[in-house]
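**Q** I have a structure here, written as structure tokens, and I will follow up with some questions on it.
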Amino acid sequence: MLRTILAVTMVALGFGSTTNGDAHPEYELWYTQPAKKWLEALPVGNGRLGAMVFGGVEAERVQLNEDTVWAGPPVPRARAEMVAAMGAARKAWFAGDYATATKLVQGAMAPRISPRSHQTLGDLRLSFELPGKAESYRRDLNLDTGVAATRFSVDGVNYRRDVLASAVDDVIVVRLTADQPGKQTLTVALDRPADFKTIAIGDDTLVMSGQAQHKGKQKGVFWQGVLKARCEDGKAEAVGNRLKITGADAVTLYVAACTDYNMDHPAEPLSRDRQAHNEATLAKAMAKPYELLVADHVRDHRSLFRRCTLDLGGHDANARPTDERLKAVKQGGDDPALVALYFQYGRYLLMGSSRPGCMPANLQGLWNDKVAAPWNADYHVNINLQMNYWPAEVTNLSECHEPLLRFTERLAPSGRATARTVYNARGFVAHHTTDAWLHTAPFGRAQYGMWPHGAGWLSQHHMERYRFTGDAVFLRERAYPVLKQAALFYLDYLTEDPATGKLVSGLDTSPENRYRGADGKVYNLSMGCSMSQQIVWDVLTNTLEAAAVLGIDDGFTKEVEAARGKLYEPRIGGDGRLMEWVKPFDEPEPGHRHISHLYALHPGRQYNFRDNPSLIAAARKSIDHRLSHGGGHTGWSRAWIINFFARFKDGDAAHHHTLMLLRKSTHPNLFDNHPPFQIDGNFGGTAGIAEMLLQSHVGDSRLGYEVELLPALPKAWARGSFRGLRARGGVVVDLAWKDGRPTAGTVTSDRGGVVTLRYGDNVVKVETPAGVAVEVPKALYR
């Protein structure tokens with residue numbers, strides 16, 4: 001009843017229902033011309049398989065991906081020389097000899113290895129015979145159905161092409177139709193930039209296969225893709241390694257793909273018959289009528305997508321093509337409906353690149369047209385992989401979080417071996433980057449490679465999953481073991497600063513940044529970097545919180561509590577800024593893209609207005625300084641800044657940086673521009689928009705969380721609504737507002753109990769039965 005009241009209220013305010021029917025222009029990216037470049041094409045994905053649809057007329061390209069097509073190994077190997085080098089380097093650093101400290105650590109690190117990359121599966125190429133020029137052209141991507149469509153007319157015949165990636169049937173499907181019979185005449189081919197062969201089997205099947213490699217070296221997975229064509233009337237025949245289809249009424253193309261990658265043991269390839277596996281997948285999908293396959297796909301897709309809606313008004317803009325709207329914003333305009341579309345696009349991309357049982361979303365999510373992608377499209381764990389998953393819980397896509405959680409657990413054996421070899425430490429560790437082969441060793445240059453906090457940061461996601469879901473079995477069986485392993489590493493890795501007696505991390509870096517020593521030279525390695533200390537605090541605190549919930553009080557938890565009590569805490573400098581380093585070093589690059597020392601503000605929770613407002617003020621001065629020197633110039637960095645300003649509760653600043661993300665770091669298909677492309681900016685931007693509307697990081701899982709409504713609402717969003725945003729404590733919030741103030745809302749608790757709500761300075765406690773929507777008391781916002 002209360003949700004019905006809220007829905008009626010939203011309609012009265014001008015916000016229509018988004019849970020019935022198919023006509024949702026607010027969920028469409030659409031264009032009046034085909035894509036000329038890959039960064040104009042439109043993505044579909046089922047978590048494991050993906051495609052980029054160009055929407056060509058005479059020649060169509062559907063670029064294909066499978067999430068385990070990886071080149072390599074070899075991988076970096078942990079070197080035992082680091083144990084002695086680290087001990088000597090720490091002594092040198094504490095004595096002020098930064099050059100010697102750096103030389104010792106760099107000399108013990110593994111060398112940088114040649115690139116291994118996630119790779120494209122290949123391209124589906126369609127060449128059509130058409131009698132004239134196309135008119136009334138439109139291509140679009142419907143986020144609500146997960147279908148990319150191309151429409152046009154030629155000589156009075158209306159053509160339509162649909163592409164989808166079904167998670168239900170594990171296939172990519174291309175459907176070609178026209179409103180007159182016999183109009184589908186085309187050639188079908190599969191190709192790839194390198195290292196492949198394609199053969200035709202019978203008159204309806206193409207098989208493309210190969211082994212992923214880099215420049216003929218570093219053999220990776222064996223992969224295979226199989227395409228089957230189903231024609232309605234007309235004729236199909238194999239011509240060499242292509243299919244020729246003539247005079248068909250309609251054509252449906254089905255693509256299945258797999259590799260020999262073994263997710264549980266990557267070094268031991270699967271021995272399955274890839275072609276038999278693909279043929280079985282295709283047979284099952286093709287046994288369904290096409291209409292049923294689509295209906296199953298849409299139902300599954302909407303079961304995730306429709307959990308959360310956002311309406312910021314400005315619907316008239318939906319009548320304009322997406323690229324024209326983006327161009328107008330880049331020229332200084334504002335488009336709240338485009339922001340809402342961008343928010344939902346981020347959710348759509350996470351659904352498309354991260355489903356249970358799949359690999360986690362990589363630097364490009366899933367979509368990659370190269371055999372050697374930028375940064376190998378790998379897993380950078382010094383922010384990028386984690387940022388991919390910031391929107392998972394809050395935007396109601398908890399299942400999509402699962403691949404990251406499993407990946408962290410799969411990293412643990414390698415991470416334990418690296419901890420023992422490199423640091424003579426217990427627990428597990430991961431350095432700045434990894435990939436499908438699960439390596440965790442420090443390698444390359446110390447500037448980026450000597451950063452042992454990847455596992456610690458990743459472990460935060462296990463605790464966040466518990467905070468949002470309250471799943472006690474998950475906490476006991478999966479989260480706590482991961483947290484314990486991360487904490488064990490820090491118990492052995494931390495060392496006393498001889499000057500203060502405090503425990504400090506190091507030698508390590510503030511990711512990829514540098515400082516200037518008293519000798520005028522530039523260095524990277526330090527003891528007690530602020531981000532390092534904040535991540536350690538986060539791991540130790542999360543471990544203690546989880547232990548308390550589980551009723552664990554033993555020698556290990558006492559050791560963790562003692563270490564946290566001795567932990568060095570970052571300081572505020574003489575200029576009022578939060579210090580990035582343990583000392584007030586000069587900064588050679590004050591506008592650096594990483595803003596690492598604000599980790600405790602976001603995604604951490606150590607700094608908040610209730611518990612330490614002075615540190616919040618110092619963090620604000622730090623980011624203002626960074627921005628005044630050109631910070632935020634990459635897409636993911638700008639997205640992080642949106643989240644920072646949301647935590648500062650400065651809605652207008654967060655809105656400004658949302659627009660800057662669109663203006664400076666967004667491609668025509670709304671992919672994030674790093675440059676060239678990284679998907680983390682999309683995910684971070686989506687999380688930032690959610691953070692402007694709902695926050696719940698203050699509190700803990702024992703005492704409960706404070707759920708804050710509209711904490712950073714900008715003036716530009718004076719009227720709007722959302723449904724289905726989730727808060728920690730297992731709470732779902734629906735809310736409508738007008739003139740910048742709430743007008744109606746409900747909260748639904750998964751487990752029931754008291755929910756603490758905040759709006760501005762007002763706080764109320766609401767008793768909620770489990771699973772029942774309860775109206776937000778009007779006293780909170782009147």
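Chain lettering (A, B, ...) mirrors the order of the structure tokens, residue numbering begins at 1 for each chain separately, and ligand numbering begins at 1 in order of display.
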Residues near Gly517 of chain A, anyone? I mean within 9 Å using only C-alpha atoms, not counting same-chain ones fewer than 3 positions away, as a list in words.
**A**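 Once the nearby chain positions are removed, what remains is Gly96, Tyr98, Gly520, Lys521, Val522, Tyr523, Phe585 and Asp586 of chain A.
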**Q** Just want the 10 Å neighbourhood of segment 542-546 of chain A, counted on only C-alpha atoms, with same-chain residues fewer than 5 positions away dropped. Output as JSON, numbers by chain.
**A** {"A": [459, 460, 462, 463, 464, 466, 467, 472, 475, 476, 479, 480, 481, 482, 483, 484, 485, 486, 487, 536, 537, 551, 552, 553, 556, 557, 558, 560, 561, 564, 700, 701, 702]}
**Q** Please identify all polymer residues within 6 Å of segment 150-157 of chain A, counting only C-alpha atoms, omitting same-chain residues fewer than 2 positions from it, and present them as a VMD selection string.
**A** chain A and resid 55 132 to 139 159 to 161
**Q** Find the residues near Glu237 of chain A: any atom within 12 Å, counting only C-alpha atoms, skip ones fewer than 4 places away on the same chain, and give them as an MDAnalysis selection string.
**A** chainID A and resid 185:188 200:206 228:231 241:246
**Q** Would you please give, as number ranges by chain, all residues of segment 106-188 of chain A that DSSP assigns to strand (DSSP E or B) based on the backbone?
**A** A: 110, 118, 122-128, 135-142, 147-154, 157-166, 171-178, 184-188
**Q** Would you list the contacts of Arg426 of chain A as a list in words, taking every protein, DNA or RNA residue within 10 Å and counting only C-alpha atoms, but skipping same-chain residues closer than 5 positions in sequence?
**A**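 Listing them by chain and then by number gives Gly415, Arg416, Ala417, Thr418, Ala419, Arg420, Gln485, Ala486, Ala487, Leu488, Phe489, Tyr490, Leu491, Asp492 and Tyr493 of chain A.
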**Q** Give me, please, the distance in Å between atom CA of Arg306 of chain A and atom CA of Phe722 of chain A, quoted to one decimal.
**A**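 Rounded to one decimal, the two atoms are 11.5 Å apart.
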**Q** Expressed in Å to a single decimal, how great is the separation between atom CA of Ala189 of chain A and atom CA of Gln63 of chain A?
**A**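 Going from atom CA of Ala189 of chain A over to atom CA of Gln63 of chain A, I get 11.8 Å.
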**Q** Near Leu661 of chain A, within 8 Å and counting only C-alpha atoms, which residues show up once chain neighbours fewer than 3 positions away are dropped, as an MDAnalysis selection string?
**A** chainID A and resid 635 638:639 657:658 664:666 685
**Q** Pick from A:His697, A:Lys778, A:Arg719, A:Arg571: nearest to Gly314 of chain A, with only C-alpha atoms counted?
**A**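 Closest to Gly314 of chain A of all the choices is A:Arg719.
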**Q** Would you kindly return, as a PyMOL selection string, each protein, DNA or RNA residue with an atom no farther than 9 Å from any atom of Thr469 of chain A, considering only C-alpha atoms and excluding same-chain residues fewer than 4 positions away?
**A** chain A and resi 393+398+464-465+728-731+750
**Q** For the residues selected in the previous step, produce a file with N, CA, C and O atoms as a PDB file, in the first residue's frame.
**A**
ATOM      1  N   GLU A 393      26.213  -2.578  -4.833  1.00  0.00           N
ATOM      2  CA  GLU A 393      25.260  -2.759  -3.741  1.00  0.00           C
ATOM      3  C   GLU A 393      24.249  -1.619  -3.672  1.00  0.00           C
ATOM      4  O   GLU A 393      23.048  -1.854  -3.545  1.00  0.00           O
ATOM      5  N   SER A 398      23.380  -6.499  -6.267  1.00  0.00           N
ATOM      6  CA  SER A 398      24.287  -7.245  -5.401  1.00  0.00           C
ATOM      7  C   SER A 398      24.840  -8.489  -6.089  1.00  0.00           C
ATOM      8  O   SER A 398      26.017  -8.843  -5.909  1.00  0.00           O
ATOM      9  N   GLU A 464      31.511  -4.886   2.783  1.00  0.00           N
ATOM     10  CA  GLU A 464      30.413  -4.091   2.263  1.00  0.00           C
ATOM     11  C   GLU A 464      29.253  -4.977   1.826  1.00  0.00           C
ATOM     12  O   GLU A 464      28.084  -4.636   2.029  1.00  0.00           O
ATOM     13  N   ARG A 465      29.557  -6.119   1.212  1.00  0.00           N
ATOM     14  CA  ARG A 465      28.469  -7.038   0.833  1.00  0.00           C
ATOM     15  C   ARG A 465      27.664  -7.421   2.075  1.00  0.00           C
ATOM     16  O   ARG A 465      26.428  -7.441   2.043  1.00  0.00           O
ATOM     17  N   ARG A 728      23.117   0.546   3.646  1.00  0.00           N
ATOM     18  CA  ARG A 728      23.683  -0.452   4.552  1.00  0.00           C
ATOM     19  C   ARG A 728      22.664  -0.752   5.650  1.00  0.00           C
ATOM     20  O   ARG A 728      21.881   0.109   6.038  1.00  0.00           O
ATOM     21  N   GLY A 729      22.727  -1.982   6.121  1.00  0.00           N
ATOM     22  CA  GLY A 729      21.713  -2.422   7.064  1.00  0.00           C
ATOM     23  C   GLY A 729      20.563  -3.144   6.394  1.00  0.00           C
ATOM     24  O   GLY A 729      19.583  -3.511   7.052  1.00  0.00           O
ATOM     25  N   GLY A 730      20.650  -3.352   5.062  1.00  0.00           N
ATOM     26  CA  GLY A 730      19.604  -4.077   4.354  1.00  0.00           C
ATOM     27  C   GLY A 730      18.335  -3.283   4.180  1.00  0.00           C
ATOM     28  O   GLY A 730      17.230  -3.805   4.364  1.00  0.00           O
ATOM     29  N   VAL A 731      18.471  -2.001   3.790  1.00  0.00           N
ATOM     30  CA  VAL A 731      17.331  -1.104   3.668  1.00  0.00           C
ATOM     31  C   VAL A 731      17.209  -0.623   2.220  1.00  0.00           C
ATOM     32  O   VAL A 731      18.206  -0.237   1.598  1.00  0.00           O
ATOM     33  N   ASP A 750      15.060  -5.385   4.930  1.00  0.00           N
ATOM     34  CA  ASP A 750      15.072  -6.824   4.649  1.00  0.00           C
ATOM     35  C   ASP A 750      14.776  -7.641   5.897  1.00  0.00           C
ATOM     36  O   ASP A 750      14.050  -8.643   5.840  1.00  0.00           O
TER      37      ASP A 750
END
